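Input: a single structure, listed below in structure tokens.
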Amino acid sequence: MLRNIFIIIVIVFSLFSCRKEGTSWDTDWISPVINDSLSVSNLVNDSSLEVNADNSIQVILNRDLIDLNLSDLVVIPDTTVIQDFTLGVPSLSLLPGTNFIDEVQEHDFALGDVALVNARMSSGRAIITIENPIETKGIFNVELPGVSKDGVVFSQTEEVPAASGGANGVRTFELDLEQYFIDMSGVSGNNYNKLQSKMTVKTDPDGPSVTMTNQDIVKFNIMFKDLTVDYAQGYFGSTTITDTTEVFIDALANITGGSINLDEINFDLTIANGIKVAAQGKITMMESVNYDNNSVVLSHPKINQLLNLDPAQGFWSDHIPSERVLSFETGNSNIVPFLENLGNKYVIGYEIKINPWGNTSNGNDEIFPSSRVKLNLDADFPLDVAMSNLTVQDTFEVDFTSDQRFLRVKEGQFILKTKNSFPFGGDAELILLNEDGQIIESIVSSEILEAANVSVTNDSHESIDQIITFDINNSAAEKLPEVKNIILKVQMNSAYASSNVVYANAKLKFLLQTKLKLNSNL
Amino acid sequence: MKKFIQITLSFALITNFGFSQELLPVEYDTTNTSARILINGNAFHFSTAIQNSFARKWLFGGEITDEIKESTFSEHNLYDRIGGGYRLNIQYRSDKVLFKKRSDLSWMLNVSNETHFSSEYAQGLFGLLFFGNERFLGEEANLSNSVGSFVDYITIGGGIHNKKTKSFITLNVVLPRAYSDFYINRGSFFTSESGDKIDILLEGELNRTASPAYFQGLGGAISFDYNFPFGQSEGNNFSGTFRVSGRNIGVYKLNSVDRISIDADAEFSGFSIEDLRATFNNENESSSPITDSLNITEGNNSFWKFIPGFIQIGKVVDKHSDTKFQSFFGIRMYTSFLYRPLIFAGVDYKPIENFSLGAQGTYGGYGLFRLGMYGSYSAEKFSLGLGSEDLLGLIMKNQYGQSLVLRLLLNI
């Protein structure tokens, strides 16, 4: 009987493992995805705009291409100074509390042809070690005259243990030099690269009387490490800095074809010297490299020529850099083809000579924490651009596989509702790529986005309302699980071939919706 | 033996994959006290609005076409209910005497598998789930006060039975295999006419067992039948036997349940380009515009649940009655607040000694009125019963439920 029951149970429960056919149904969903508007300010990054009297847009562009902090001009190497003291007599009996050293010494920083009279440390430390050779506790006062913070000279008193068994008593402590000024003019006040130290020592007032001989050496050791300055005064030496830097404009990195046509355009390059030092500067080259690796080198009479740069004026936060301005216009340069190259990479070479004529400031060079040497681009031009099949594309990673278990797109549409008053339009294409980067489907727009024409009053654009669709047919939907990347490719054209002044009402208002037939499967 | 297995196999196939239900009248036989194997199977689904054409696809697979959806949706009210499940129970009742003083008592074993689902839902929820929002542009779909649950469990146990009265009680271990539920306290979904704006109000919770173990928890339950006679059988007095039945009355604990809570009151009219730029650049890895606006929180915990068992009280049919017509009636209540008390009444007709036919009407449960029929045949060694609570549902696609009840009794 139990065997029969067991057989029944096995049969019945084995049947439970059978599975039914999946249940499926379709649902239709419509949803907004992106709802936004693009105005001129979205297109001209880090610029400000002004509206001219005729309602056209004026672009005012100001951007630092190079920003150098030349505090590295003043380098103070790691330096160790030692102050020793020995008796001038064979021996001396020291009662408790006896002052037996009170001495100032002067030390040198090895700075080459740089001669500093004052500097403020932005970082660094001093490691101070004191050795006591006598057999009673010593009370040491270490003072660094000229090393001060907030007007207070560094001074520290330390108790150093007595010598014992022939070994000196030792005491070590560390000083954080951040924000400390170091007056390097020496005891006389007319010198440079000098450090003063003062040591006073007395025996323990509560200790025994001891005898000190001329064989006992009191040592005072200061090790300056990792010093950097953010302010310096003196003579910074004569030096030349040469380098090449690359500036990338991400917004132009996605252009893959086509061209633009700019009307006359003017802009300035300004070399600014924020250091109180005589200098010369030179832009050795400026090159635009575009998506096709095509390069255009900027030409101008002042390119590759040394320009004299006067010292900056003023002090600390209110110091004023001296500037040299290079104006680029169609008459003196190839600025238009340079910009029409649509480079996303700009290579800028430069050379800066500091004190090219020696110590002409009589040791009054100064660098402040905010001192910079800059190359600044300054443009002010009407927004007037023509586009011809300007192709912009970007790639987005996607993954539709995770949603395939219960829900998949059967077919559908992206619906783009637009109101365009830009004088630019175009068409878009979605290219679906598999994991090997192969194109497996292409979805194109039902119509092109029309560029807006100029109104009859010549002070605005006539907006155009459109509904543009991108059909996802069943074939494309079936392939969605394979899609790993989508390329959005937009080809843009302007309303007019030569000149397209952009007026203040230019705006692209758009709503992207999805209209999808989803298949659920349980 | 081969024949026995064939019968059992056929029975199991039908109860698992056919349409069955519960209300097959029990023939009360106090004369047979032999050991026996009793196999009860039932499966049913029943709704106030969902038609069989839809339910069949949902339960047994296939494509729910637009025509099926439209037809079913048109039957919906503001709120509707659906419930269903299947139950297969195998009992072995020994004829060995357990206690010398009570020779009528013996032991029994019991094993069963049951799946049960139930839901009360707003019309808007059904509409959104099966049509999407495009159908409801410019309208608000109400989702509030919708609840639903699903549980699948196995019970194994044993107890004692009275060989003569057929009363029994068993104590069972409950082993839940899967559980899920949801509720929406407040909810609505509005899509503007042009599809450029969606308003979502959703306060609710979704729970689902998450343990990798085969059994998701542990519980205990009792099942019982208690039969007692009433009235005087002599003359024309109304008399017979009442049965109080309980199945799987108990609780179980789920060890690990994933909980997703949503408390959203959001209007969505599309992301801005800045939102998308930040998302593509992973600037806010810990959040996203969607999950932030829906206020979704996730967690895991354990909790206790009542087993969806039932209690049924009713008059049963006496196998050895002298009359050819007998009445039966009663009431059944599931331990689920979605299940309305179901009342039933019917007539049993015995044209020949070993064969009977019957018909009954029911009202309540997960639906409204239904008409059922059954037939049973008894031989010396076995009896077989087959019935349905919903006769029209078996043959018509536009009805709101289906059921089949099968019973096989083998005297050993």
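Ordering of the structure tokens sets the chain letters (A, B, ...), residue numbers begin anew at 1 in every chain, and ligands are numbered from 1 in the order given.
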### Task
For chain B, work out the contacting residues on chain A at 6 Å, counting only C-alpha atoms, and write them as a VMD selection string.
chain A and resid 12 20 to 25 27 to 36
Residue selection dump (C-alpha atoms) as a CSV table (one decimal), in the first residue's frame:
chain,number,residue,atom,x,y,z
A,12,VAL,CA,1.3,13.8,-9.3
A,20,LYS,CA,2.1,26.3,-19.6
A,21,GLU,CA,2.6,28.3,-22.7
A,22,GLY,CA,3.4,32.0,-22.0
A,23,THR,CA,0.6,34.5,-21.9
A,24,SER,CA,1.2,37.6,-24.0
A,25,TRP,CA,-0.6,40.8,-24.8
A,27,THR,CA,-0.2,47.6,-24.7
A,28,ASP,CA,0.2,51.0,-26.2
A,29,TRP,CA,2.0,53.6,-24.3
A,30,ILE,CA,2.7,57.3,-25.0
A,31,SER,CA,5.0,59.3,-22.8
A,32,PRO,CA,7.0,62.5,-22.9
A,33,VAL,CA,10.7,61.9,-22.8
A,34,ILE,CA,12.5,65.2,-23.3
A,35,ASN,CA,10.8,68.5,-23.0
A,36,ASP,CA,13.1,71.5,-23.3
### Task
Tell me which protein, DNA and RNA residues are within 6 Å of Gly148 in chain B, counting only C-alpha atoms, leaving out same-chain ones fewer than 2 positions away, and put them as a list in words.
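Selected residues are Ser118, Ser119, Asp181 and Phe182 of chain B.
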### Task
With a distance cut-off of 6 Å and only C-alpha atoms, select the neighbouring residues of Thr48 in chain B, excluding the residue or stretch itself and same-chain residues fewer than 3 positions from it, and output the selection as a ChimeraX atom specification.
/B:80-81,367
### Query
Quick one: residues within 12 Å of Asp384 in chain A, only C-alpha atoms counted, chain neighbours fewer than 2 positions away excluded, as JSON, numbers by chain?
{"A": [40, 56, 57, 58, 59, 260, 261, 262, 263, 264, 265, 381, 382, 386, 387, 422, 423, 424, 494, 495, 496, 497, 498, 499, 500, 501, 502, 503]}
Okay, now the selection with C-alpha atoms, as a PDB file, in the first residue's frame?
ATOM      1  CA  VAL A  40      21.353  80.800 -28.515  1.00  0.00           C
ATOM      2  CA  SER A  56      20.555  90.458 -33.870  1.00  0.00           C
ATOM      3  CA  ILE A  57      22.675  88.573 -31.383  1.00  0.00           C
ATOM      4  CA  GLN A  58      26.134  89.763 -30.469  1.00  0.00           C
ATOM      5  CA  VAL A  59      28.417  87.116 -28.998  1.00  0.00           C
ATOM      6  CA  ILE A 260      30.207  76.451 -41.874  1.00  0.00           C
ATOM      7  CA  ASN A 261      30.605  79.867 -43.387  1.00  0.00           C
ATOM      8  CA  LEU A 262      31.363  82.763 -41.082  1.00  0.00           C
ATOM      9  CA  ASP A 263      30.910  86.352 -41.978  1.00  0.00           C
ATOM     10  CA  GLU A 264      33.578  88.813 -40.907  1.00  0.00           C
ATOM     11  CA  ILE A 265      34.755  88.091 -37.414  1.00  0.00           C
ATOM     12  CA  PHE A 381      31.098  89.535 -33.015  1.00  0.00           C
ATOM     13  CA  PRO A 382      27.596  89.223 -34.460  1.00  0.00           C
ATOM     14  CA  ALA A 386      25.943  79.559 -42.547  1.00  0.00           C
ATOM     15  CA  MET A 387      25.938  75.764 -42.354  1.00  0.00           C
ATOM     16  CA  PHE A 422      16.547  79.209 -35.560  1.00  0.00           C
ATOM     17  CA  PRO A 423      17.788  79.886 -39.069  1.00  0.00           C
ATOM     18  CA  PHE A 424      19.196  76.355 -38.887  1.00  0.00           C
ATOM     19  CA  SER A 494      21.139  77.008 -42.579  1.00  0.00           C
ATOM     20  CA  ALA A 495      18.276  78.893 -44.134  1.00  0.00           C
ATOM     21  CA  TYR A 496      20.610  80.820 -46.373  1.00  0.00           C
ATOM     22  CA  ALA A 497      23.856  79.700 -47.934  1.00  0.00           C
ATOM     23  CA  SER A 498      26.031  82.696 -47.145  1.00  0.00           C
ATOM     24  CA  SER A 499      24.806  84.766 -44.239  1.00  0.00           C
ATOM     25  CA  ASN A 500      22.432  83.849 -41.430  1.00  0.00           C
ATOM     26  CA  VAL A 501      22.165  86.531 -38.831  1.00  0.00           C
ATOM     27  CA  VAL A 502      20.683  85.063 -35.678  1.00  0.00           C
ATOM     28  CA  TYR A 503      18.061  87.267 -34.074  1.00  0.00           C
TER      29      TYR A 503
END
### Query
as a PyMOL selection string, which residues of range 59-282 of chain B does DSSP assign to helix (DSSP H, G or I)?
chain B and resi 59-60+66-73+123-131+134-136+273-280
### Task
May I have the residues within 9 Å of range 385-400 of chain B as a PyMOL selection string, using only C-alpha atoms and disregarding those fewer than 6 positions away in the same chain?
chain B and resi 19-25+44-56+71-72+358-362+367+370-378+406-409
### Task
For each of A:Lys225, A:Arg372, A:Lys419, A:His300, take the minimum atom-to-atom distance to Lys276 in chain A, counting only C-alpha atoms, then give the residue where this is smallest.
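Ranking A:Lys225, A:Arg372, A:Lys419, A:His300 by distance to Lys276 in chain A, first place goes to A:Arg372.
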### Task
With a distance cut-off of 8 Å and only C-alpha atoms, select the neighbouring residues of Asn55 in chain A, excluding the residue or stretch itself and same-chain residues fewer than 3 positions from it, and output the selection as a ChimeraX atom specification.
/A:51-52,459-460,503-504
### Task
Please provide as a list in words all residues within 8 Å of range 295-310 of chain B, with the sequence filter that same-chain residues fewer than 6 positions apart are discarded (counting only C-alpha atoms).
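The contact residues come out as His116, Ala221, Gly246, Arg247, Asn248, Ile249, Gly250, Val251, Tyr252, Lys253, Leu254, Asn255, Ser256, Val257, Asp258, Arg259, Ile260, Ser261, Ile262, Asp263, Ala264, Arg332, Met333, Tyr334, Thr335 and Ser336 of chain B.
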### Message
Please extract the residues of range 153-284 of chain B with a backbone DSSP assignment of strand (DSSP E) and present them as JSON, numbers by chain.
### Response
{"B": [153, 154, 155, 156, 157, 158, 159, 160, 161, 162, 168, 169, 170, 171, 172, 173, 174, 175, 176, 177, 178, 179, 180, 181, 182, 183, 184, 185, 186, 187, 188, 189, 190, 191, 198, 199, 200, 201, 202, 203, 204, 205, 206, 207, 208, 209, 217, 218, 219, 220, 221, 222, 223, 224, 225, 226, 227, 228, 229, 230, 240, 241, 242, 243, 244, 245, 246, 247, 248, 249, 250, 251, 252, 253, 254, 255, 256, 257, 258, 259, 260, 261, 262, 263, 264, 265, 266, 267, 268]}
